[in-house]
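This report refers to the structure that appears directly beneath it.
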Amino acid sequence: MSTTWRDEHLEAGHRAELLLAEMTTAEKCHQLTARMAWSLVKADGTDADGAEDVLRNPPGHVAQLILDDPAQLAAMVGTIQKQVLSRSRLGIPVLFHAEALSGFLNGGHMVFPSGTGLAAGWSPDLVEEMTDLIRRQMRRAGLMHALSPVLDVALDPRWGRVHETFGEDPYLCAALGVAYVRGLQGNDLSQGVMATGKHFLGYAAPPGGLNLSAFESGARRTRDLFAYPFEAAIRLAGLRSVMNSYADVDGVPAGASPEVLQELLRDALGFDGFVSSDYTTLEQLVDRQRIAKDAAEAGRLAIRAGLDVEMPNPYGYGDVLATEVERGTVDVRHVDACVRRVLRAKFEVGLFEHPYPVESIDVAAAAREGADLSLELARRSIVLGQNDGILPLTPGGLDIAVIGPHADAPTFQFPTYTYVSWREANEAVMRGELGTMNGAKETVSAWYSALFGAWDGDRVAPSLAAEIGDRARTVRVERGCTLTEDLGSLDTAVEAARAADVVVLALGGASLWFTGERTEGEASDTADITLPAAQVRLAEAVAATGTPLVVVLVQGRAYALPKVIQDAAAIVVAPYAGPFGTRAIADVLFGVVNPSGKMPYSLPRHSGQIPVYHHQKAGSGYRNPLPPGVSRHYLDLEATPLWPFAHGLSYTAFALSDLDCGADIDAYGTAHVSATVANAGPRDGATVVQLYLRVNTSPVTRPAQQLAGFARVELAAGESRRVTFEVDASQLAYTNLARQVAVEPAPVDVFVGLDSDDRSLVGSFAVVGSARVVEGAERSFLSRIRPHS
């Protein structure tokens with residue numbers, strides 16, 4: 001039997017064990033670190049200052065190498081990989097990582113809608129197709145580790161990163177997360193790219209909506225709600241990497257918590273990949289959360305907790321960690337456990353056999369890849385919120401005024417974690433308006449100056465006004481205001497509105513990295529989610545002209561809408577959708593596309609309602625029955641959302657009928673819930689049929705309803721189709737009174753509708769017999785859909 005780790009016929013875990021046995025303590029501790037590319041090479045590919053010292057014990061990972069085009073990127077990856085392989089003692093290849101939330105975050109690659117945009121499309125099949133393309137693009141360039149998807153369940157729209165998530169519902173997050181991971185990792189991981197589920201755990205539920213805040217939740221809610229998408233991705237798609245949250249979880253920072261990283265993630269959820277730190281996690285243990293006095297203590301806490309990789313640069317790992325091992329303050333077994341996981345992952349992904357990028361990349365062809373898919377995802381993401389019949393507009397027959405901050409601002413279609421936004425942030429660094437996360441300002445500036453040319457963000461996509469102008473008789477464009485500030489040009493906006501047949505009022509938000517005018521983004525939270533006051537003033541002035549008003553809201557999270565917006569003839573909600581976002585909006589406005597998007601979050605009436613998600617516990621929030629003589633929950637406002645989760649209209653009409661809930665089941669059975677959906681209107685179209693369940697267990701309070709299945713159905717006018725949801729009993733498992741994950745006997749109420757408040761079809765079945773404790777991989781997370789012709 002072979003005893004060398006170089007034998008590719010051996011199992012990955014065995015190869016990792018053999019290689020681990022040959023490594024020194026220093027080599028192990030640096031294998032758990034990342035480095036920025038410029039610490040290894042200069043922009044021309046020659047050694048960076050100090051590279052020789054770095055290569056003595058090279059890092060295991062290279063962080064965020066982002067360049068202008070795929071060929072340039074592949075060349076730099078190859079240079080660094082050759083440097084490490086040829087000049088280090090063992091020649092262990094480095095693992096390059098990149099963001100891939102809305103496409104491969106590197107120049108010359110297609111951008112897709114943001115997380116809430118993908119979620120609004122309710123199309124896991126297209127998400128998997130998208131990440132299959134990202135997989136091929138990343139491997140071609142030699143990057144085999146993606147820091148995506150975001151599996152956080154986002155309940156608070158004040159938090160600026162909601163648009164990165166798949167919304168407020170754990171089932172929808174799980175369905176899209178599983179699809180994302182399957183496409184990225186592929187059927188054979190040796191041809192795939194490792195996905196990273198983030199941020200574990202509770203990052204999107206910060207008190208007050210403030211980024212980096214502590215996560216406050218009981219053990220049951222943590223496991224059954226916030227961990228649900230992560231466990232689904234682990235069990236169903238073999239998720240290979242997880243990133244820790246910056247949050248404290250029950251008083252302990254997640255990156256230093258054995259309860260979070262070992263007991264919950266590995267022992268309970270079955271995760272056997274490696275944990276990547278969110279950037280500067282260990283530094284924050286010292287200077288923000290203040291649980292460690294210095295880098296050495298931060299490293300000790302993190303390694304004992306099971307944090308496998310420190311990114312983006314060494315702080316508490318590397319030399320600092322090696323010294324702690326030598327001093328006897330860190331047991332080398334903790335280091336070995338982490339290194340073993342990292343090495344196994346590198347063997348699994350085929351990095352040792354294929355460390356280099358492909359030799360030649362057609363840059364022009366790469367830029368076109370995924371264009372049709374991006375457009376289709378953008379079209380499916382558009383939600384028709386309300387319509388008095390004004391939409392669709394008549395092509396070529398109208399004089400249209402396009403007014404508002406989104407009228408002529410194509411860069412707003414590109415949020416954080418897309419290349420356009422990244423370039424804008426780098427331009428801010430070059431202007432001295434923004435510092436770098438990793439210091440080394442002079443080195444970073446020299447790198448950017450040498451590698452990046454002039455940047456013209458306005459050329460990244462057509463504006464909304466341009467897209468509408470191609471279809472209107474005439475078009476006039478007026479900004480009227482910025483996202484948050486008056487421009488002093490209300491009079492000209494009003495004049496344009498008065499002269500038009502229809503006003504398209506293009507409002508909403510924008511996401512940027514830490515700088516510039518924005519309403520969303522990382523560290524860009526808001527106390528008040530009402531549409532910005534400058535936009536409200538513009539809307540009121542334009543509405544006063546009496547010209548019919550079609551409001552387009554470009555947003556990544558919920559905004560509370562003032563009365564002037566609610567009174568508009570039509571409201572269309574669009575996400576940050578990339579290069580085809582404005583085209584998709586125009587396609588819906590003019591009826592080229594019949595809208596089918598469904599909101600992935602509830603739309604509050606007011607900031608004071610937050611949180612107002614649909615799966616609130618029975619007897620809690622707006623799911624609480626009113627006392628006798630009380631007409632509403634708040635004295636001053638309805639407690640229900642303005643629009644419920646999964647709200648979305650069409651230019652045709654859909655009807656549901658003939659519910660069949662099937663027979664009762666035991667704890668090992670499968671429920672079959674069937675209904676007929678018909679297109680009763682005049683146009684072909686698509687809708688999303690949704691199954692909600694209320695599981696009435698005792699004595700633990702459960703959600704008033706939970707999404708348990710959905711099916712996007714395309715129907716010609718007059719066509720109908722039968723849809724059956726097959727729900728395994730284990731999908732109903734929850735953390736019971738004994739803190740076991742179990743299926744227990746209970747009556748189950750059934751709701752089938754076209755949004756979360758639709759009670760078109762109501763029925764029930766029961767789980768009967770004995771309870772069943774669900775062990776690990778036995779648990780089902782997603783229902784199966786059986787459409788009938």
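Chain identifiers are assigned as A, B, and so on, following the order in which chains appear in the structure tokens; residues are numbered from 1 within each chain, and ligands are numbered from 1 in order of appearance.
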Name all residues at most 9 Å from Pro253 in chain A (count only C-alpha atoms; drop same-chain ones fewer than 4 positions away) and give them as a short mmCIF file (atom, residue, chain, number, x, y, z; two decimals) with N, CA and C atoms, in the first residue's frame.
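Just written: selection.cif:
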data_model
loop_
_atom_site.label_atom_id
_atom_site.label_comp_id
_atom_site.auth_asym_id
_atom_site.auth_seq_id
_atom_site.Cartn_x
_atom_site.Cartn_y
_atom_site.Cartn_z
N ALA A 214 -24.52 41.74 18.74
CA ALA A 214 -24.68 40.40 19.31
C ALA A 214 -25.96 39.75 18.80
N SER A 245 -19.81 33.99 11.90
CA SER A 245 -20.40 35.32 12.04
C SER A 245 -19.52 36.17 12.95
N TYR A 246 -19.60 37.49 12.77
CA TYR A 246 -18.95 38.40 13.69
C TYR A 246 -19.69 38.50 15.03
N ALA A 247 -20.90 37.98 15.08
CA ALA A 247 -21.76 38.19 16.25
C ALA A 247 -21.32 37.37 17.46
N ASP A 248 -21.67 37.88 18.64
CA ASP A 248 -21.66 37.05 19.84
C ASP A 248 -22.88 36.15 19.78
N VAL A 249 -22.72 34.90 20.20
CA VAL A 249 -23.84 33.98 20.29
C VAL A 249 -23.91 33.50 21.74
N SER A 257 -16.14 30.30 19.76
CA SER A 257 -17.13 29.56 20.55
C SER A 257 -17.12 28.07 20.21
N LEU A 285 -11.69 40.11 18.18
CA LEU A 285 -11.75 39.54 19.53
C LEU A 285 -10.99 40.41 20.52
N GLN A 289 -14.65 43.13 20.58
CA GLN A 289 -15.40 42.35 21.58
C GLN A 289 -14.65 42.22 22.90
N ILE A 291 -12.53 40.17 24.33
CA ILE A 291 -12.44 38.93 25.13
C ILE A 291 -11.01 38.41 25.16
#
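Per DSSP on the backbone, helix (DSSP H, G or I) in range 555-743 of chain A comprises Lys563, Val564, Ile565, Gln566, Gly578, Pro579, Phe580, Gly581, Thr582, Arg583, Ala584, Ile585, Ala586, Asp587, Val588, Leu589, Ser607, Gly608, Gln609, Gly621, Tyr622, Arg623, Ala729, Ser730, Gln731 and Leu732 of chain A.
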- Just the residues within 10 Å of Val54 in chain A, please, counting only C-alpha atoms, with nothing from its chain fewer than 3 positions along; format it as an MDAnalysis selection string. chainID A and resid 30 35 39:40 48:51 57:59 84 88
- Message: So that I can check the surroundings of range 182-191 of chain A, please list as a PyMOL selection string every protein, DNA and RNA residue that reaches within 9 Å of it, counting only C-alpha atoms and ignoring chain neighbours fewer than 5 positions away.
- Response: chain A and resi 127-136+139+146+177+233+236-240+347-351
Go ahead and write the residues just picked, N, CA and C atoms, as a PDB file, in the first residue's frame.
ATOM      1  N   VAL A 127     -30.855  29.176 -10.214  1.00  0.00           N
ATOM      2  CA  VAL A 127     -29.755  29.483  -9.301  1.00  0.00           C
ATOM      3  C   VAL A 127     -28.665  28.422  -9.439  1.00  0.00           C
ATOM      4  N   GLU A 128     -29.065  27.166  -9.540  1.00  0.00           N
ATOM      5  CA  GLU A 128     -28.074  26.101  -9.723  1.00  0.00           C
ATOM      6  C   GLU A 128     -27.376  26.241 -11.073  1.00  0.00           C
ATOM      7  N   GLU A 129     -28.103  26.629 -12.101  1.00  0.00           N
ATOM      8  CA  GLU A 129     -27.489  26.865 -13.403  1.00  0.00           C
ATOM      9  C   GLU A 129     -26.486  28.020 -13.320  1.00  0.00           C
ATOM     10  N   MET A 130     -26.828  29.066 -12.570  1.00  0.00           N
ATOM     11  CA  MET A 130     -25.936  30.207 -12.390  1.00  0.00           C
ATOM     12  C   MET A 130     -24.643  29.783 -11.708  1.00  0.00           C
ATOM     13  N   THR A 131     -24.743  29.024 -10.630  1.00  0.00           N
ATOM     14  CA  THR A 131     -23.530  28.660  -9.893  1.00  0.00           C
ATOM     15  C   THR A 131     -22.724  27.580 -10.609  1.00  0.00           C
ATOM     16  N   ASP A 132     -23.373  26.801 -11.469  1.00  0.00           N
ATOM     17  CA  ASP A 132     -22.603  25.883 -12.305  1.00  0.00           C
ATOM     18  C   ASP A 132     -21.689  26.673 -13.238  1.00  0.00           C
ATOM     19  N   LEU A 133     -22.190  27.783 -13.777  1.00  0.00           N
ATOM     20  CA  LEU A 133     -21.350  28.644 -14.608  1.00  0.00           C
ATOM     21  C   LEU A 133     -20.233  29.267 -13.771  1.00  0.00           C
ATOM     22  N   ILE A 134     -20.557  29.768 -12.589  1.00  0.00           N
ATOM     23  CA  ILE A 134     -19.537  30.356 -11.715  1.00  0.00           C
ATOM     24  C   ILE A 134     -18.462  29.326 -11.401  1.00  0.00           C
ATOM     25  N   ARG A 135     -18.877  28.086 -11.173  1.00  0.00           N
ATOM     26  CA  ARG A 135     -17.922  27.000 -10.919  1.00  0.00           C
ATOM     27  C   ARG A 135     -16.906  26.897 -12.056  1.00  0.00           C
ATOM     28  N   ARG A 136     -17.399  26.856 -13.282  1.00  0.00           N
ATOM     29  CA  ARG A 136     -16.502  26.710 -14.423  1.00  0.00           C
ATOM     30  C   ARG A 136     -15.601  27.930 -14.595  1.00  0.00           C
ATOM     31  N   ARG A 139     -12.853  27.847 -11.645  1.00  0.00           N
ATOM     32  CA  ARG A 139     -11.826  26.809 -11.848  1.00  0.00           C
ATOM     33  C   ARG A 139     -10.917  27.159 -13.018  1.00  0.00           C
ATOM     34  N   ALA A 146     -15.122  29.564  -2.948  1.00  0.00           N
ATOM     35  CA  ALA A 146     -16.023  30.712  -3.050  1.00  0.00           C
ATOM     36  C   ALA A 146     -16.562  31.082  -1.680  1.00  0.00           C
ATOM     37  N   GLY A 177     -30.247  28.030  -1.119  1.00  0.00           N
ATOM     38  CA  GLY A 177     -28.897  27.721  -0.661  1.00  0.00           C
ATOM     39  C   GLY A 177     -28.431  26.356  -1.127  1.00  0.00           C
ATOM     40  N   ALA A 233     -28.023  22.804   3.626  1.00  0.00           N
ATOM     41  CA  ALA A 233     -26.901  22.833   2.676  1.00  0.00           C
ATOM     42  C   ALA A 233     -25.858  21.781   3.031  1.00  0.00           C
ATOM     43  N   LEU A 236     -27.900  18.104   2.449  1.00  0.00           N
ATOM     44  CA  LEU A 236     -28.400  17.824   1.103  1.00  0.00           C
ATOM     45  C   LEU A 236     -27.391  18.119   0.007  1.00  0.00           C
ATOM     46  N   ALA A 237     -26.448  19.016   0.257  1.00  0.00           N
ATOM     47  CA  ALA A 237     -25.530  19.423  -0.802  1.00  0.00           C
ATOM     48  C   ALA A 237     -24.066  19.255  -0.438  1.00  0.00           C
ATOM     49  N   GLY A 238     -23.777  18.769   0.770  1.00  0.00           N
ATOM     50  CA  GLY A 238     -22.389  18.524   1.153  1.00  0.00           C
ATOM     51  C   GLY A 238     -21.542  19.772   1.280  1.00  0.00           C
ATOM     52  N   LEU A 239     -22.100  20.859   1.794  1.00  0.00           N
ATOM     53  CA  LEU A 239     -21.384  22.130   1.955  1.00  0.00           C
ATOM     54  C   LEU A 239     -20.011  21.891   2.583  1.00  0.00           C
ATOM     55  N   ARG A 240     -18.950  22.398   1.944  1.00  0.00           N
ATOM     56  CA  ARG A 240     -17.586  22.088   2.383  1.00  0.00           C
ATOM     57  C   ARG A 240     -16.933  23.164   3.219  1.00  0.00           C
ATOM     58  N   PHE A 347      -7.262  18.334  -1.137  1.00  0.00           N
ATOM     59  CA  PHE A 347      -7.201  17.091  -1.906  1.00  0.00           C
ATOM     60  C   PHE A 347      -8.544  16.810  -2.579  1.00  0.00           C
ATOM     61  N   GLU A 348      -9.649  17.049  -1.878  1.00  0.00           N
ATOM     62  CA  GLU A 348     -10.974  16.776  -2.435  1.00  0.00           C
ATOM     63  C   GLU A 348     -11.250  17.596  -3.686  1.00  0.00           C
ATOM     64  N   VAL A 349     -10.816  18.842  -3.669  1.00  0.00           N
ATOM     65  CA  VAL A 349     -11.124  19.730  -4.791  1.00  0.00           C
ATOM     66  C   VAL A 349     -10.132  19.567  -5.947  1.00  0.00           C
ATOM     67  N   GLY A 350      -9.180  18.661  -5.764  1.00  0.00           N
ATOM     68  CA  GLY A 350      -8.230  18.384  -6.844  1.00  0.00           C
ATOM     69  C   GLY A 350      -7.138  19.418  -6.995  1.00  0.00           C
ATOM     70  N   LEU A 351      -6.867  20.184  -5.945  1.00  0.00           N
ATOM     71  CA  LEU A 351      -5.912  21.282  -6.049  1.00  0.00           C
ATOM     72  C   LEU A 351      -4.490  20.783  -6.263  1.00  0.00           C
TER      73      LEU A 351
END
- Contacts of Trp513 in chain A within 12 Å, only C-alpha atoms, excl. fewer than 2 positions in-chain, as number ranges by chain: A: 160-161, 414-429, 433-437, 510-511, 515-525
- Message: Need to verify the contact set: range 111-115 of chain A, 6 Å, only C-alpha atoms, exclusion of same-chain residues closer than 6 positions in sequence. Can you return it as a count of residues only?
- Response: 10
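A straight line drawn from CA of Asp486 in chain A to CA of His406 in chain A is 14.2 Å long.
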- Would you please work out which residue, of A:Thr33, A:Gln262, A:Thr687, A:Ser213, is nearest to Gly318 in chain A when using only C-alpha atoms? A:Thr33
- Query: Using only C-alpha atoms, which residue out of A:Asp757, A:Asp388, A:Glu478, A:Glu27 lies closest to Gln566 in chain A?
  - Reply: A:Asp388
- Item | Residue with smallest distance to Arg380 in chain A - pool A:Ser698, A:Thr323, A:Ser123, A:Thr79, counting only C-alpha atoms | A:Ser123
- Query: For the atom pair CA of Val689 in chain A and CA of Leu553 in chain A, what is the interatomic distance in Å to one decimal place?
  - Reply: 24.7 Å
- Note on the structure: Expressed in Å, the length from CA of Arg223 in chain A to CA of Leu264 in chain A is 8.3 Å
- Message: I need the residue nearest Leu343 in chain A from this list: A:Gln609, A:Gln31, A:Thr582, A:Ser620. Use only C-alpha atoms for the distance.
- Response: A:Gln31
Any chance you could tabulate, as a tab-separated table, the residues of range 637-747 of chain A at most 7 Å from range 772-781 of chain A with each one's nearest atom pair and distance in Å to one decimal, using only C-alpha atoms, in chain and rising number order?
residue	atom	partner	partner_atom	distance
A:Ala667	CA	A:Arg772	CA	5.9
A:Asp728	CA	A:Ser780	CA	6.5
A:Ser730	CA	A:Arg779	CA	5.2
A:Gln731	CA	A:Ser780	CA	4.7
A:Gln740	CA	A:Val773	CA	6.6
A:Val741	CA	A:Val774	CA	5.8
A:Ala742	CA	A:Val773	CA	4.1
A:Val743	CA	A:Arg772	CA	5.2
A:Glu744	CA	A:Arg772	CA	6.5
Export C-alpha atoms of the chosen residues as an mmCIF file, in the first residue's frame?
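Saved as again24.cif:
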data_model
loop_
_atom_site.group_PDB
_atom_site.id
_atom_site.type_symbol
_atom_site.label_atom_id
_atom_site.label_comp_id
_atom_site.auth_asym_id
_atom_site.auth_seq_id
_atom_site.Cartn_x
_atom_site.Cartn_y
_atom_site.Cartn_z
ATOM 1 C CA ALA A 667 -43.709 9.928 12.005
ATOM 2 C CA ASP A 728 -41.772 13.745 4.546
ATOM 3 C CA SER A 730 -39.084 14.415 9.145
ATOM 4 C CA GLN A 731 -39.426 17.841 7.477
ATOM 5 C CA GLN A 740 -34.316 16.534 20.819
ATOM 6 C CA VAL A 741 -34.955 17.091 17.111
ATOM 7 C CA ALA A 742 -38.122 15.079 16.735
ATOM 8 C CA VAL A 743 -41.345 14.544 14.822
ATOM 9 C CA GLU A 744 -44.248 14.435 17.240
#
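Residue nearest Asp53 in chain A within the list A:Val178, A:Leu589, A:Arg87, A:Val444: A:Arg87 [criterion: smallest interatomic distance, only C-alpha atoms].
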- Contacts of Gln83 in chain A within 9 Å, only C-alpha atoms, excl. fewer than 6 positions in-chain, as a list in words: Leu40, Val41, Asp47 and Leu55 of chain A
Got time to write the residues from that selection, all heavy atoms, as an mmCIF file, in the first residue's frame?
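The resulting file, out.cif, is reproduced below:
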data_model
loop_
_atom_site.group_PDB
_atom_site.id
_atom_site.type_symbol
_atom_site.label_atom_id
_atom_site.label_comp_id
_atom_site.auth_asym_id
_atom_site.auth_seq_id
_atom_site.Cartn_x
_atom_site.Cartn_y
_atom_site.Cartn_z
ATOM 1 N N LEU A 40 2.946 38.673 -1.640
ATOM 2 C CA LEU A 40 3.760 37.667 -2.318
ATOM 3 C C LEU A 40 4.392 38.184 -3.605
ATOM 4 O O LEU A 40 5.545 37.873 -3.902
ATOM 5 C CB LEU A 40 2.897 36.437 -2.626
ATOM 6 C CG LEU A 40 2.458 35.619 -1.404
ATOM 7 C CD1 LEU A 40 1.287 34.729 -1.742
ATOM 8 C CD2 LEU A 40 3.633 34.793 -0.895
ATOM 9 N N VAL A 41 3.637 38.951 -4.386
ATOM 10 C CA VAL A 41 4.150 39.442 -5.665
ATOM 11 C C VAL A 41 3.801 40.913 -5.838
ATOM 12 O O VAL A 41 2.822 41.409 -5.277
ATOM 13 C CB VAL A 41 3.585 38.638 -6.867
ATOM 14 C CG1 VAL A 41 4.025 37.194 -6.816
ATOM 15 C CG2 VAL A 41 2.073 38.743 -6.916
ATOM 16 N N ASP A 47 8.861 39.271 -7.137
ATOM 17 C CA ASP A 47 8.680 39.118 -5.694
ATOM 18 C C ASP A 47 8.327 40.437 -5.014
ATOM 19 O O ASP A 47 8.949 41.475 -5.282
ATOM 20 C CB ASP A 47 9.959 38.594 -5.052
ATOM 21 C CG ASP A 47 10.076 37.082 -5.144
ATOM 22 O OD1 ASP A 47 9.253 36.465 -5.841
ATOM 23 O OD2 ASP A 47 10.990 36.525 -4.504
ATOM 24 N N LEU A 55 7.540 32.941 2.048
ATOM 25 C CA LEU A 55 7.622 31.637 1.396
ATOM 26 C C LEU A 55 8.365 30.600 2.225
ATOM 27 O O LEU A 55 8.299 29.408 1.931
ATOM 28 C CB LEU A 55 8.292 31.789 0.032
ATOM 29 C CG LEU A 55 7.458 32.521 -1.015
ATOM 30 C CD1 LEU A 55 8.289 32.854 -2.239
ATOM 31 C CD2 LEU A 55 6.243 31.695 -1.412
#
- Go through range 554-660 of chain A and collect every residue that DSSP, computed from the backbone, puts in strand (DSSP E); the answer should be as a list in words. Val554, Ala570, Ile571, Val572, Val573, Ala574, Phe654, Ala655, Leu656, Ser657, Asp658, Leu659 and Asp660 of chain A
Okay, now the selection with C-alpha atoms, as a PDB file, in the first residue's frame?
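Below is the file that was written, again24.pdb:
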ATOM      1  CA  VAL A 554     -35.158  49.510  -6.879  1.00  0.00           C
ATOM      2  CA  ALA A 570     -48.848  50.981 -10.113  1.00  0.00           C
ATOM      3  CA  ILE A 571     -45.827  49.907  -8.090  1.00  0.00           C
ATOM      4  CA  VAL A 572     -43.059  47.715  -9.461  1.00  0.00           C
ATOM      5  CA  VAL A 573     -40.331  46.415  -7.124  1.00  0.00           C
ATOM      6  CA  ALA A 574     -36.960  45.483  -8.599  1.00  0.00           C
ATOM      7  CA  PHE A 654     -54.557  32.695 -11.341  1.00  0.00           C
ATOM      8  CA  ALA A 655     -56.999  30.594  -9.352  1.00  0.00           C
ATOM      9  CA  LEU A 656     -56.489  27.662  -6.974  1.00  0.00           C
ATOM     10  CA  SER A 657     -58.964  24.843  -6.405  1.00  0.00           C
ATOM     11  CA  ASP A 658     -59.514  21.212  -5.423  1.00  0.00           C
ATOM     12  CA  LEU A 659     -57.304  20.893  -2.359  1.00  0.00           C
ATOM     13  CA  ASP A 660     -56.554  17.338  -1.275  1.00  0.00           C
TER      14      ASP A 660
END
Interface rows for range 568-664 of chain A against range 700-714 of chain A: nearest pair, Å to one decimal, 9 Å, only C-alpha atoms, as a tab-separated table:
residue	atom	partner	partner_atom	distance
A:Ser596	CA	A:Arg712	CA	8.9
A:His614	CA	A:Gln705	CA	7.5
A:His615	CA	A:Pro703	CA	5.4
A:Gln616	CA	A:Pro703	CA	5.5
A:Lys617	CA	A:Pro703	CA	3.9
A:Ala618	CA	A:Ala704	CA	4.1
A:Gly619	CA	A:Ala704	CA	7.5
A:Ser620	CA	A:Ala704	CA	8.5
A:Arg623	CA	A:Ala704	CA	6.7
Save out the residues we just selected, C-alpha atoms, as a short mmCIF file (atom, residue, chain, number, x, y, z; two decimals), in the first residue's frame.
data_model
loop_
_atom_site.label_atom_id
_atom_site.label_comp_id
_atom_site.auth_asym_id
_atom_site.auth_seq_id
_atom_site.Cartn_x
_atom_site.Cartn_y
_atom_site.Cartn_z
CA SER A 596 -43.98 36.57 -11.86
CA HIS A 614 -44.65 35.90 8.24
CA HIS A 615 -43.55 32.93 10.38
CA GLN A 616 -43.99 34.62 13.75
CA LYS A 617 -44.91 32.25 16.55
CA ALA A 618 -48.55 31.36 17.09
CA GLY A 619 -50.00 33.85 19.55
CA SER A 620 -47.19 36.36 19.02
CA ARG A 623 -50.38 36.46 14.83
#
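Among the candidates A:Ala378, A:Leu384, A:Leu90, A:Val727, the one nearest to Val750 in chain A when counting only C-alpha atoms is A:Val727.
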